[in-house]
Each structure stands twice: as structure tokens, then as C-alpha cells.
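Trainee: Handing over model34.pdb, PDB, C-alpha atoms.
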```pdb
ATOM      1  CA  MET A   1       1.176 -35.302 -23.170
ATOM      2  CA  LEU A   2       4.656 -34.414 -21.871
ATOM      3  CA  ALA A   3       5.946 -34.217 -25.461
ATOM      4  CA  ASN A   4       3.001 -32.056 -26.536
ATOM      5  CA  LEU A   5       3.338 -29.641 -23.624
ATOM      6  CA  ALA A   6       7.095 -29.370 -24.150
ATOM      7  CA  ALA A   7       6.660 -28.562 -27.842
ATOM      8  CA  LEU A   8       4.042 -25.918 -27.055
ATOM      9  CA  GLY A   9       6.378 -24.497 -24.417
ATOM     10  CA  ALA A  10       9.102 -24.246 -27.046
ATOM     11  CA  ALA A  11       6.697 -22.258 -29.242
ATOM     12  CA  LEU A  12       6.055 -19.825 -26.399
ATOM     13  CA  CYS A  13       9.790 -19.388 -25.809
ATOM     14  CA  TRP A  14      10.465 -18.767 -29.503
ATOM     15  CA  SER A  15       7.668 -16.206 -29.721
ATOM     16  CA  ALA A  16       9.129 -14.208 -26.851
ATOM     17  CA  GLY A  17      12.678 -14.771 -28.085
ATOM     18  CA  GLY A  18      11.854 -13.458 -31.547
ATOM     19  CA  LEU A  19      10.670 -10.158 -30.133
ATOM     20  CA  ILE A  20      13.726  -9.836 -27.900
ATOM     21  CA  ALA A  21      16.072 -10.559 -30.815
ATOM     22  CA  VAL A  22      14.945  -7.842 -33.230
ATOM     23  CA  ALA A  23      16.950  -4.979 -31.683
ATOM     24  CA  PRO A  24      20.298  -6.814 -31.287
ATOM     25  CA  VAL A  25      20.028  -8.459 -34.727
ATOM     26  CA  ARG A  26      19.459  -5.096 -36.380
ATOM     27  CA  ALA A  27      22.225  -3.492 -34.317
ATOM     28  CA  ILE A  28      25.083  -6.011 -34.782
ATOM     29  CA  GLY A  29      23.868  -8.397 -37.503
ATOM     30  CA  SER A  30      22.583 -11.957 -37.395
ATOM     31  CA  VAL A  31      25.979 -13.706 -37.422
ATOM     32  CA  ALA A  32      27.487 -11.646 -34.584
ATOM     33  CA  PHE A  33      24.264 -11.977 -32.597
ATOM     34  CA  ASN A  34      24.228 -15.757 -33.006
ATOM     35  CA  ARG A  35      27.937 -16.044 -32.197
ATOM     36  CA  ILE A  36      27.710 -14.158 -28.917
ATOM     37  CA  ARG A  37      24.573 -15.859 -27.666
ATOM     38  CA  MET A  38      26.121 -19.291 -28.376
ATOM     39  CA  ILE A  39      28.793 -18.679 -25.736
ATOM     40  CA  ILE A  40      26.206 -17.664 -23.176
ATOM     41  CA  VAL A  41      23.789 -20.511 -23.890
ATOM     42  CA  PHE A  42      26.486 -23.200 -24.104
ATOM     43  CA  ALA A  43      27.721 -22.178 -20.637
ATOM     44  CA  MET A  44      24.171 -22.326 -19.259
ATOM     45  CA  LEU A  45      23.340 -25.728 -20.761
ATOM     46  CA  SER A  46      26.731 -27.269 -19.925
ATOM     47  CA  LEU A  47      26.355 -26.294 -16.284
ATOM     48  CA  ALA A  48      22.820 -27.708 -16.185
ATOM     49  CA  ALA A  49      23.925 -30.987 -17.833
ATOM     50  CA  THR A  50      26.814 -31.310 -15.378
ATOM     51  CA  LEU A  51      24.606 -30.742 -12.352
ATOM     52  CA  THR A  52      21.989 -33.259 -13.551
ATOM     53  CA  GLY A  53      24.421 -35.917 -14.799
ATOM     54  CA  GLY A  54      23.165 -35.620 -18.355
ATOM     55  CA  TRP A  55      26.600 -36.046 -19.957
ATOM     56  CA  ALA A  56      26.652 -39.715 -18.886
ATOM     57  CA  THR A  57      23.745 -40.477 -21.244
ATOM     58  CA  LEU A  58      25.745 -39.586 -24.368
ATOM     59  CA  ASP A  59      27.809 -42.185 -26.234
ATOM     60  CA  THR A  60      29.941 -41.626 -29.333
ATOM     61  CA  SER A  61      27.050 -42.234 -31.717
ATOM     62  CA  ALA A  62      24.749 -39.826 -29.875
ATOM     63  CA  LEU A  63      27.456 -37.154 -29.819
ATOM     64  CA  ALA A  64      27.962 -37.500 -33.579
ATOM     65  CA  TRP A  65      24.247 -37.262 -34.437
ATOM     66  CA  LEU A  66      23.635 -34.370 -32.072
ATOM     67  CA  ALA A  67      26.707 -32.485 -33.314
ATOM     68  CA  LEU A  68      25.552 -32.911 -36.921
ATOM     69  CA  SER A  69      22.063 -31.824 -35.869
ATOM     70  CA  GLY A  70      23.524 -28.675 -34.328
ATOM     71  CA  ALA A  71      25.552 -27.875 -37.428
ATOM     72  CA  VAL A  72      22.486 -28.140 -39.674
ATOM     73  CA  GLY A  73      19.650 -26.978 -37.438
ATOM     74  CA  ILE A  74      21.370 -24.214 -35.470
ATOM     75  CA  PHE A  75      24.541 -23.122 -37.289
ATOM     76  CA  LEU A  76      22.938 -23.036 -40.730
ATOM     77  CA  GLY A  77      19.295 -22.731 -39.685
ATOM     78  CA  ASP A  78      19.557 -20.003 -37.061
ATOM     79  CA  THR A  79      22.025 -17.933 -39.067
ATOM     80  CA  ALA A  80      19.562 -17.941 -41.967
ATOM     81  CA  LEU A  81      16.604 -17.361 -39.632
ATOM     82  CA  PHE A  82      18.041 -14.284 -37.958
ATOM     83  CA  TRP A  83      19.326 -12.902 -41.258
ATOM     84  CA  ALA A  84      15.729 -13.054 -42.465
ATOM     85  CA  LEU A  85      14.421 -11.670 -39.153
ATOM     86  CA  GLY A  86      16.420  -8.485 -39.567
ATOM     87  CA  ARG A  87      14.784  -7.968 -42.971
ATOM     88  CA  LEU A  88      11.241  -9.274 -42.517
ATOM     89  CA  GLY A  89      10.481  -8.483 -38.864
ATOM     90  CA  PRO A  90       9.205 -11.060 -36.346
ATOM     91  CA  ARG A  91       5.681 -11.532 -37.737
ATOM     92  CA  ARG A  92       6.528 -12.437 -41.333
ATOM     93  CA  ASN A  93       9.629 -14.310 -40.263
ATOM     94  CA  VAL A  94       7.755 -16.566 -37.867
ATOM     95  CA  VAL A  95       4.962 -17.460 -40.281
ATOM     96  CA  ILE A  96       7.330 -18.453 -43.086
ATOM     97  CA  TYR A  97       9.484 -20.380 -40.641
ATOM     98  CA  ALA A  98       6.369 -22.320 -39.596
ATOM     99  CA  THR A  99       6.701 -24.341 -42.798
ATOM    100  CA  ASN A 100       9.301 -26.401 -40.922
ATOM    101  CA  ALA A 101       6.365 -28.315 -39.388
ATOM    102  CA  PRO A 102       5.059 -30.047 -42.534
ATOM    103  CA  ILE A 103       8.645 -30.427 -43.790
ATOM    104  CA  THR A 104       9.583 -32.234 -40.565
ATOM    105  CA  ALA A 105       6.503 -34.461 -40.772
ATOM    106  CA  LEU A 106       7.418 -35.399 -44.339
ATOM    107  CA  LEU A 107      11.049 -36.120 -43.460
ATOM    108  CA  GLY A 108       9.945 -38.085 -40.383
ATOM    109  CA  TRP A 109       7.803 -40.302 -42.604
ATOM    110  CA  LEU A 110      10.495 -40.728 -45.273
ATOM    111  CA  LEU A 111      13.542 -41.171 -43.033
ATOM    112  CA  LEU A 112      12.273 -42.345 -39.632
ATOM    113  CA  GLY A 113       9.241 -44.329 -40.666
ATOM    114  CA  GLU A 114       6.871 -42.222 -38.542
ATOM    115  CA  VAL A 115       3.314 -42.922 -39.661
ATOM    116  CA  LEU A 116       0.816 -40.353 -38.428
ATOM    117  CA  ALA A 117      -2.910 -40.971 -38.016
ATOM    118  CA  PRO A 118      -5.300 -39.167 -40.409
ATOM    119  CA  LEU A 119      -6.600 -36.864 -37.659
ATOM    120  CA  THR A 120      -3.034 -35.978 -36.693
ATOM    121  CA  LEU A 121      -2.228 -35.123 -40.300
ATOM    122  CA  LEU A 122      -5.383 -32.997 -40.430
ATOM    123  CA  GLY A 123      -4.265 -31.276 -37.248
ATOM    124  CA  ILE A 124      -0.844 -30.557 -38.736
ATOM    125  CA  GLY A 125      -2.518 -29.065 -41.806
ATOM    126  CA  LEU A 126      -4.854 -26.902 -39.725
ATOM    127  CA  VAL A 127      -2.010 -25.612 -37.554
ATOM    128  CA  THR A 128       0.148 -24.782 -40.569
ATOM    129  CA  VAL A 129      -2.640 -22.970 -42.429
ATOM    130  CA  GLY A 130      -3.884 -21.343 -39.238
ATOM    131  CA  VAL A 131      -0.557 -19.847 -38.215
ATOM    132  CA  MET A 132       0.017 -18.531 -41.714
ATOM    133  CA  LEU A 133      -3.389 -16.868 -41.775
ATOM    134  CA  ALA A 134      -2.904 -15.543 -38.252
ATOM    135  CA  VAL A 135       0.189 -13.697 -39.361
ATOM    136  CA  ALA A 136      -0.733 -12.825 -42.939
ATOM    137  CA  LEU A 137      -4.037 -11.244 -41.916
ATOM    138  CA  ARG A 138      -2.853  -9.511 -38.791
ATOM    139  CA  GLY A 139      -1.967  -6.167 -40.416
ATOM    140  CA  GLY A 140      -0.095  -3.394 -38.665
ATOM    141  CA  SER A 141       2.591  -0.895 -39.660
ATOM    142  CA  HIS A 142       4.825  -0.700 -36.582
ATOM    143  CA  ASP A 143       8.593  -0.413 -37.192
ATOM    144  CA  LEU A 144       9.025  -3.952 -35.872
ATOM    145  CA  GLU A 145       7.075  -5.147 -38.928
ATOM    146  CA  SER A 146       8.956  -3.111 -41.545
ATOM    147  CA  VAL A 147      10.654  -4.899 -44.455
ATOM    148  CA  ARG A 148      14.299  -3.988 -44.964
ATOM    149  CA  GLY A 149      15.823  -4.997 -48.273
ATOM    150  CA  PRO A 150      14.342  -7.258 -50.988
ATOM    151  CA  LEU A 151      11.265  -9.137 -49.749
ATOM    152  CA  LEU A 152      11.925 -12.219 -51.889
ATOM    153  CA  ALA A 153      15.445 -12.551 -50.511
ATOM    154  CA  GLY A 154      14.126 -12.522 -46.951
ATOM    155  CA  VAL A 155      11.425 -15.081 -47.762
ATOM    156  CA  GLY A 156      13.867 -17.385 -49.555
ATOM    157  CA  VAL A 157      16.406 -17.346 -46.742
ATOM    158  CA  CYS A 158      13.669 -17.949 -44.166
ATOM    159  CA  LEU A 159      12.507 -21.029 -46.114
ATOM    160  CA  ILE A 160      16.080 -22.319 -46.078
ATOM    161  CA  ALA A 161      16.068 -21.803 -42.307
ATOM    162  CA  ALA A 162      12.854 -23.854 -42.042
ATOM    163  CA  LEU A 163      14.396 -26.712 -44.044
ATOM    164  CA  CYS A 164      17.527 -26.661 -41.863
ATOM    165  CA  GLN A 165      15.411 -26.695 -38.693
ATOM    166  CA  ALA A 166      13.467 -29.702 -39.972
ATOM    167  CA  GLY A 167      16.682 -31.512 -40.898
ATOM    168  CA  GLY A 168      18.219 -30.744 -37.516
ATOM    169  CA  SER A 169      15.213 -32.214 -35.699
ATOM    170  CA  ILE A 170      15.316 -35.406 -37.758
ATOM    171  CA  LEU A 171      19.061 -35.809 -37.160
ATOM    172  CA  ALA A 172      18.651 -35.406 -33.378
ATOM    173  CA  LYS A 173      15.731 -37.819 -33.030
ATOM    174  CA  PRO A 174      17.686 -41.146 -33.078
ATOM    175  CA  ALA A 175      20.036 -40.051 -30.283
ATOM    176  CA  LEU A 176      17.197 -38.767 -28.117
ATOM    177  CA  THR A 177      15.120 -41.901 -28.653
ATOM    178  CA  ALA A 178      18.135 -44.016 -27.673
ATOM    179  CA  GLY A 179      18.267 -42.308 -24.271
ATOM    180  CA  ALA A 180      20.250 -39.082 -24.646
ATOM    181  CA  ASP A 181      19.420 -36.442 -22.044
ATOM    182  CA  PRO A 182      17.603 -33.466 -23.644
ATOM    183  CA  VAL A 183      19.661 -30.852 -21.784
ATOM    184  CA  ALA A 184      22.984 -32.483 -22.637
ATOM    185  CA  GLY A 185      21.773 -32.972 -26.195
ATOM    186  CA  ALA A 186      20.895 -29.302 -26.457
ATOM    187  CA  ALA A 187      24.347 -28.406 -25.084
ATOM    188  CA  VAL A 188      26.079 -30.523 -27.756
ATOM    189  CA  ARG A 189      24.004 -28.923 -30.521
ATOM    190  CA  VAL A 190      24.742 -25.405 -29.270
ATOM    191  CA  GLY A 191      28.414 -26.223 -28.720
ATOM    192  CA  MET A 192      28.913 -27.503 -32.259
ATOM    193  CA  SER A 193      27.095 -24.552 -33.770
ATOM    194  CA  GLY A 194      29.050 -22.096 -31.641
ATOM    195  CA  LEU A 195      32.348 -23.761 -32.587
ATOM    196  CA  LEU A 196      31.582 -23.409 -36.296
ATOM    197  CA  LEU A 197      30.536 -19.788 -35.875
ATOM    198  CA  TRP A 198      33.702 -18.858 -34.000
ATOM    199  CA  LEU A 199      35.982 -20.772 -36.378
ATOM    200  CA  GLY A 200      34.573 -18.663 -39.187
ATOM    201  CA  ALA A 201      34.971 -15.490 -37.157
ATOM    202  CA  LEU A 202      38.582 -16.191 -36.146
ATOM    203  CA  ARG A 203      39.881 -16.785 -39.659
ATOM    204  CA  PRO A 204      43.378 -15.407 -40.407
ATOM    205  CA  GLY A 205      43.537 -11.665 -40.965
ATOM    206  CA  ARG A 206      40.338 -10.927 -39.046
ATOM    207  CA  ARG A 207      40.808  -8.189 -36.460
ATOM    208  CA  ALA A 208      39.623  -9.204 -32.978
ATOM    209  CA  GLY A 209      37.941  -5.861 -32.388
ATOM    210  CA  VAL A 210      35.588  -6.451 -35.293
ATOM    211  CA  LEU A 211      34.086  -9.438 -33.490
ATOM    212  CA  PHE A 212      32.668  -7.198 -30.778
ATOM    213  CA  ALA A 213      31.861  -4.102 -32.814
ATOM    214  CA  GLY A 214      28.584  -2.452 -31.909
ATOM    215  CA  LEU A 215      28.205  -4.194 -28.560
ATOM    216  CA  THR A 216      26.692  -2.172 -25.740
ATOM    217  CA  PRO A 217      25.496  -3.315 -22.316
ATOM    218  CA  ARG A 218      21.907  -3.177 -23.590
ATOM    219  CA  ILE A 219      22.669  -5.281 -26.677
ATOM    220  CA  VAL A 220      24.559  -7.848 -24.581
ATOM    221  CA  ALA A 221      21.670  -8.046 -22.103
ATOM    222  CA  LEU A 222      19.096  -8.526 -24.864
ATOM    223  CA  THR A 223      21.271 -11.164 -26.536
ATOM    224  CA  ALA A 224      21.648 -13.049 -23.254
ATOM    225  CA  ALA A 225      17.899 -12.854 -22.619
ATOM    226  CA  ASN A 226      17.137 -14.186 -26.085
ATOM    227  CA  GLY A 227      19.710 -16.941 -25.623
ATOM    228  CA  PHE A 228      18.214 -18.114 -22.338
ATOM    229  CA  VAL A 229      14.581 -17.946 -23.456
ATOM    230  CA  GLY A 230      14.713 -18.727 -27.162
ATOM    231  CA  LEU A 231      17.705 -21.038 -27.529
ATOM    232  CA  GLY A 232      18.437 -22.504 -24.107
ATOM    233  CA  LEU A 233      14.957 -23.123 -22.709
ATOM    234  CA  GLY A 234      13.162 -23.304 -26.052
ATOM    235  CA  MET A 235      15.495 -25.845 -27.607
ATOM    236  CA  THR A 236      15.613 -28.006 -24.481
ATOM    237  CA  LEU A 237      11.813 -28.174 -24.553
ATOM    238  CA  LEU A 238      11.922 -29.122 -28.240
ATOM    239  CA  MET A 239      14.421 -31.898 -27.434
ATOM    240  CA  ILE A 240      11.971 -33.228 -24.839
ATOM    241  CA  GLY A 241       9.187 -33.110 -27.427
ATOM    242  CA  LEU A 242      11.324 -35.001 -29.950
ATOM    243  CA  LYS A 243      12.456 -37.544 -27.360
ATOM    244  CA  PHE A 244       8.968 -38.547 -26.254
ATOM    245  CA  GLY A 245       6.859 -37.812 -29.348
ATOM    246  CA  ASP A 246       6.824 -37.908 -33.147
ATOM    247  CA  ALA A 247       9.137 -35.459 -34.885
ATOM    248  CA  GLY A 248       6.361 -34.067 -37.097
ATOM    249  CA  VAL A 249       4.018 -33.526 -34.163
ATOM    250  CA  ALA A 250       6.698 -31.844 -32.044
ATOM    251  CA  ALA A 251       7.654 -29.571 -34.927
ATOM    252  CA  THR A 252       4.027 -28.657 -35.606
ATOM    253  CA  LEU A 253       3.178 -27.782 -32.015
ATOM    254  CA  SER A 254       6.383 -25.796 -31.650
ATOM    255  CA  ALA A 255       5.446 -23.913 -34.833
ATOM    256  CA  THR A 256       2.409 -22.319 -33.175
ATOM    257  CA  SER A 257       4.585 -19.303 -32.352
ATOM    258  CA  PRO A 258       2.627 -17.001 -34.703
ATOM    259  CA  VAL A 259      -0.540 -17.610 -32.698
ATOM    260  CA  LEU A 260       1.212 -17.014 -29.400
ATOM    261  CA  ILE A 261       2.979 -13.922 -30.710
ATOM    262  CA  LEU A 262      -0.297 -12.164 -31.586
ATOM    263  CA  PRO A 263      -1.131 -10.981 -28.061
ATOM    264  CA  MET A 264       2.541 -10.173 -27.449
ATOM    265  CA  LEU A 265       2.702  -7.904 -30.485
ATOM    266  CA  TRP A 266      -0.664  -6.391 -29.551
ATOM    267  CA  ALA A 267       0.689  -5.445 -26.128
ATOM    268  CA  LEU A 268       3.976  -4.175 -27.550
ATOM    269  CA  THR A 269       2.764  -2.210 -30.575
ATOM    270  CA  ARG A 270      -0.712  -1.227 -29.283
ATOM    271  CA  GLN A 271      -2.100  -2.382 -32.636
ATOM    272  CA  PRO A 272      -4.795  -5.062 -32.238
ATOM    273  CA  PRO A 273      -4.779  -7.960 -34.716
ATOM    274  CA  ARG A 274      -7.426  -7.846 -37.411
ATOM    275  CA  PRO A 275     -10.381 -10.269 -37.327
ATOM    276  CA  GLY A 276      -8.793 -12.454 -40.007
ATOM    277  CA  ALA A 277      -5.827 -13.090 -37.736
ATOM    278  CA  TRP A 278      -8.112 -14.458 -35.026
ATOM    279  CA  ILE A 279      -9.711 -16.779 -37.599
ATOM    280  CA  GLY A 280      -6.261 -18.152 -38.384
ATOM    281  CA  ALA A 281      -5.533 -18.487 -34.684
ATOM    282  CA  ALA A 282      -8.796 -20.398 -34.195
ATOM    283  CA  LEU A 283      -7.839 -22.825 -36.977
ATOM    284  CA  ALA A 284      -4.450 -23.364 -35.381
ATOM    285  CA  VAL A 285      -6.011 -24.007 -31.978
ATOM    286  CA  ALA A 286      -8.409 -26.515 -33.565
ATOM    287  CA  GLY A 287      -5.433 -28.261 -35.136
ATOM    288  CA  VAL A 288      -3.621 -28.386 -31.803
ATOM    289  CA  MET A 289      -6.710 -29.929 -30.184
ATOM    290  CA  LEU A 290      -6.834 -32.641 -32.855
ATOM    291  CA  ILE A 291      -3.161 -33.433 -32.287
ATOM    292  CA  VAL A 292      -3.114 -33.525 -28.506
ATOM    293  CA  ASN A 293      -6.352 -35.531 -28.275
ATOM    294  CA  ARG A 294      -5.454 -38.101 -30.947
TER     295      ARG A 294
END
```
Rewrite the structure of this file - the entire thing - as C-alpha cells.

Mentor:
Amino acid sequence: MLANLAALGAALCWSAGGLIAVAPVRAIGSVAFNRIRMIIVFAMLSLAATLTGGWATLDTSALAWLALSGAVGIFLGDTALFWALGRLGPRRNVVIYATNAPITALLGWLLLGEVLAPLTLLGIGLVTVGVMLAVALRGGSHDLESVRGPLLAGVGVCLIAALCQAGGSILAKPALTAGADPVAGAAVRVGMSGLLLWLGALRPGRRAGVLFAGLTPRIVALTAANGFVGLGLGMTLLMIGLKFGDAGVAATLSATSPVLILPMLWALTRQPPRPGAWIGAALAVAGVMLIVNR
């Protein structure tokens, strides 16, 4: 139950974080946005891990797996995700990204030997279909939902982000199962991703001023808020879900963001979801019930 609640909590954080991220991503770009929030989140998580003694739970093997997980799941995955977010908007972006759930379940079976019960597999299927319907049938024409640039390019990059997220979860699972602290593990993943982002940014000939172009107090505040909610808290909750539960189940429950984002978008845009969206949400909820009561 702890793993299930943590994964659902991660979904809630990512729903809110996606809405917060739209403005800064469109203002300074996905790479700059990710680079700046990495500094903020790494400082937050490192302090938390130091205060709780989480660093003592990491050995060399755990550090290596978690660092590789961060490189794949965050550095590659989040860069692709936020690139797609700036072009697709939060609703389409989240529903396509939800495909990381069945991908994670498949990789968990192939690479970790996780065998899921038939009802759990049915629940995963219902959640995946439900969240896609919830988003696809929602409707709405608010600027947050506008498509910027080629649609197929945005969809393709978002699918790559989903695959990277699934791979990152699978890579982190062995270290967490062996006893790594979720907060310290999240700090290592963020630290590795941030290091790679800044190494790319500080290449020879790059002017330092370019790294901070477009930053305003509002953009910095929104980036910090997204970092705390979406990356810091959200990823720590996902690490808890992976540590105490199956990778496929944790990924599926954390992929319910499109259902949770419906009322948020309704409140923000004043455009109520269409009936079809609530049907998708109902399917997703039914899938969640099958999973958590298995």
C-alpha cells in the first residue's frame, strides 16, 4: 500500500508540475529550463539526504546504477519530455508519456523477472487506455493546449521520453531493492543528470551570458516551483514506489497524471472536460482499484 500511495502521489506531483512548467519551458526552452531546475532540486535533495543520513545507504554499485538511471531517465528522458511539452501542451504531452507504464511493465518482466498477476495486468491495461481516452476526448482550445510546430515531431519525441523514463526506472530498481534510500537515490539521479546538462552547456566557445538568457524573477520562481513539486517530491515518491513495489505497477499508478490533471485544467482554463474524458477517467480509476486491491 505504501508503494501504491507513493506512486499515486508522484502522479499528482507530475500533473501539477506539468502545468507549472509550460510558461518557463516556452520562455527559455526545455534544455535551459531543465538545467536550471537541476541545480535547485539537487541542492534540496542533497540537504534532505544529509539530514536523514540517506547517503550512508549507498555503496559503489548503488551509485553506479542510480547515476546511469539518472542519465537515461532524467537527462535524456526529461529533456525530450519538456521539448515535447513546449510543442504539444500539457494534455497531449502527458497522455503520450503515459505509455511509459506498459513499457516499464514489459521491461520489468524481461529484465527483472517481475511476474504480474492477470488482474494486475488488466488493471495496467485499463489505466493506460483510460488515461489516453481521458486526454484524447477532453477537448478544449485554450492556449495551453495549442500545438506549436510539427505534431508528429512532438509525438515522436514524447514517446522517446516515455522509453527513457521506463529504462531509468528499471535501472534504479536493483539499487533501491538492495536498500538504497529513496531521497539519496533521487539526489544521485538528479546530480548525474544536472552534471551532464551543465557539461554540455559549458562547452568551449559558449558565452556564459547565453546560459541565463531570458531569465526573469517570475521564470526562476516557476522553475523552482516545478523542480520542488515535479522533480524533487515527485521523483522521491516514485523511488519509494519502485523500492517497495513492482516497477510496472509503480509506473502505471504514477502514469495516472492525465486523470488528475483534468480537474486542474478545468479550474485553470474554465473549460470543462467533455463526457468522453470522464469515461476514460472512470476506466483509469477502475484499473487503479484492480491494482491496489490485488

Trainee: Since I can't run it myself right now, could you work out what the PyMOL selection byres ((chain A and resi 74-83) around 8) selects here and report it as a PyMOL selection string?

Mentor: chain A and resi 25+29-31+34+69-73+84-87+93+97+154+157-158+160-165+168+189-190+192-194+196-197

Trainee: When you count only C-alpha atoms, which of these residues is closest to Ala49 in chain A: A:Val188, A:Leu176, A:Leu262, A:Leu122?

Mentor: A:Val188

Trainee: What's the 9 Å shell around range 282-289 of chain A, counting only C-alpha atoms, without same-chain residues fewer than 4 positions away, as a list in words?

Mentor: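 Returned residues: Thr120, Leu122, Gly123, Ile124, Gly125, Leu126, Val127, Thr128, Val129, Gly130, Val131, Leu133, Ala134, Thr252, Leu253, Thr256, Val259, Ala277, Trp278, Asn293 and Arg294 of chain A.
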
Trainee: Evaluate the PyMOL selection byres ((chain A and resi 6) around 10) and record the selected residues as a PyMOL selection string, following the chain and residue labels used in the document.

Mentor: chain A and resi 1-5+7-12+234-242+244-245+250+253-254

Trainee: Measure the distance from CA of Ala187 in chain A to CA of Gly230 in chain A in Å and round it to one decimal.

Mentor: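 CA of Gly230 in chain A lies 13.8 Å from CA of Ala187 in chain A.
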
Trainee: Give the padded box for range 287-292 of chain A as lines of an AutoDock Vina configuration file: axis-aligned, covering all atoms listed in the file, 3 Å on each side, centre and edge lengths in Å to one decimal.

Mentor:
```
center_x = -5.0
center_y = -30.9
center_z = -31.8
size_x = 9.7
size_y = 11.3
size_z = 12.6
```

Trainee: Please determine, counting all atoms listed in the file, which residue among A:Ala186, A:Ala255, A:Arg218, A:Leu268 has the shortest atom-to-atom distance to Met38 in chain A.

Mentor: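 Comparing A:Ala186, A:Ala255, A:Arg218, A:Leu268 against Met38 in chain A, the winner is A:Ala186.
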
Trainee: Report as a PDB file with C-alpha atoms, keeping the file's coordinate frame the residues that result from applying the PyMOL selection byres ((chain A and resi 173) around 12) to the structure here.

Mentor:
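Contents of expr.pdb, as written:
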```
ATOM      1  CA  ALA A  62      24.749 -39.826 -29.875  1.00  0.00           C
ATOM      2  CA  TRP A  65      24.247 -37.262 -34.437  1.00  0.00           C
ATOM      3  CA  LEU A  66      23.635 -34.370 -32.072  1.00  0.00           C
ATOM      4  CA  LEU A  68      25.552 -32.911 -36.921  1.00  0.00           C
ATOM      5  CA  SER A  69      22.063 -31.824 -35.869  1.00  0.00           C
ATOM      6  CA  THR A 104       9.583 -32.234 -40.565  1.00  0.00           C
ATOM      7  CA  LEU A 107      11.049 -36.120 -43.460  1.00  0.00           C
ATOM      8  CA  GLY A 108       9.945 -38.085 -40.383  1.00  0.00           C
ATOM      9  CA  LEU A 111      13.542 -41.171 -43.033  1.00  0.00           C
ATOM     10  CA  LEU A 112      12.273 -42.345 -39.632  1.00  0.00           C
ATOM     11  CA  GLY A 113       9.241 -44.329 -40.666  1.00  0.00           C
ATOM     12  CA  GLU A 114       6.871 -42.222 -38.542  1.00  0.00           C
ATOM     13  CA  ALA A 166      13.467 -29.702 -39.972  1.00  0.00           C
ATOM     14  CA  GLY A 167      16.682 -31.512 -40.898  1.00  0.00           C
ATOM     15  CA  GLY A 168      18.219 -30.744 -37.516  1.00  0.00           C
ATOM     16  CA  SER A 169      15.213 -32.214 -35.699  1.00  0.00           C
ATOM     17  CA  ILE A 170      15.316 -35.406 -37.758  1.00  0.00           C
ATOM     18  CA  LEU A 171      19.061 -35.809 -37.160  1.00  0.00           C
ATOM     19  CA  ALA A 172      18.651 -35.406 -33.378  1.00  0.00           C
ATOM     20  CA  PRO A 174      17.686 -41.146 -33.078  1.00  0.00           C
ATOM     21  CA  ALA A 175      20.036 -40.051 -30.283  1.00  0.00           C
ATOM     22  CA  LEU A 176      17.197 -38.767 -28.117  1.00  0.00           C
ATOM     23  CA  THR A 177      15.120 -41.901 -28.653  1.00  0.00           C
ATOM     24  CA  ALA A 178      18.135 -44.016 -27.673  1.00  0.00           C
ATOM     25  CA  GLY A 179      18.267 -42.308 -24.271  1.00  0.00           C
ATOM     26  CA  ALA A 180      20.250 -39.082 -24.646  1.00  0.00           C
ATOM     27  CA  ASP A 181      19.420 -36.442 -22.044  1.00  0.00           C
ATOM     28  CA  PRO A 182      17.603 -33.466 -23.644  1.00  0.00           C
ATOM     29  CA  GLY A 185      21.773 -32.972 -26.195  1.00  0.00           C
ATOM     30  CA  ALA A 186      20.895 -29.302 -26.457  1.00  0.00           C
ATOM     31  CA  LEU A 238      11.922 -29.122 -28.240  1.00  0.00           C
ATOM     32  CA  MET A 239      14.421 -31.898 -27.434  1.00  0.00           C
ATOM     33  CA  ILE A 240      11.971 -33.228 -24.839  1.00  0.00           C
ATOM     34  CA  GLY A 241       9.187 -33.110 -27.427  1.00  0.00           C
ATOM     35  CA  LEU A 242      11.324 -35.001 -29.950  1.00  0.00           C
ATOM     36  CA  LYS A 243      12.456 -37.544 -27.360  1.00  0.00           C
ATOM     37  CA  PHE A 244       8.968 -38.547 -26.254  1.00  0.00           C
ATOM     38  CA  GLY A 245       6.859 -37.812 -29.348  1.00  0.00           C
ATOM     39  CA  ASP A 246       6.824 -37.908 -33.147  1.00  0.00           C
ATOM     40  CA  ALA A 247       9.137 -35.459 -34.885  1.00  0.00           C
ATOM     41  CA  GLY A 248       6.361 -34.067 -37.097  1.00  0.00           C
ATOM     42  CA  ALA A 250       6.698 -31.844 -32.044  1.00  0.00           C
ATOM     43  CA  ALA A 251       7.654 -29.571 -34.927  1.00  0.00           C
TER      44      ALA A 251
END
```

Trainee: From the list A:Ser15, A:Thr60, A:Thr216, A:Gln271, which residue is nearest Val95 in chain A when using all atoms listed in the file?

Mentor: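 When distances to Val95 in chain A are compared using all atoms listed in the file, the smallest one comes from A:Ser15.
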
Trainee: Given the point (12.2, -15.6, -30.5) in the coordinates of this file, which residues lie within 9 Å, counting only C-alpha atoms, and how would they look as a PyMOL selection string?

Mentor: chain A and resi 11-22+90+94+226+229-231+234+257

Trainee: When you draw a straight line from CA of Leu121 in chain A to CA of Val155 in chain A, how long is it in Å?

Mentor: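 Going from CA of Leu121 in chain A over to CA of Val155 in chain A covers 25.4 Å.
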
Trainee: Separation of CA of Thr52 in chain A and CA of Ala64 in chain A, in Å?

Mentor: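 Taking CA of Thr52 in chain A as the start and CA of Ala64 in chain A as the end point, the length is 21.3 Å.
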
Trainee: Of the candidates A:Leu233, A:Leu290, A:Val115, A:Leu260, which shows the shortest atom-to-atom distance to Val183 in chain A, using all atoms listed in the file?

Mentor: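 So, comparing all the options, the nearest one is A:Leu233.
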
Trainee: Return the single residue from A:Gly191, A:Pro272, A:Pro217, A:Pro258 that is closest to Ser46 in chain A, with distances computed using only C-alpha atoms.

Mentor: A:Gly191
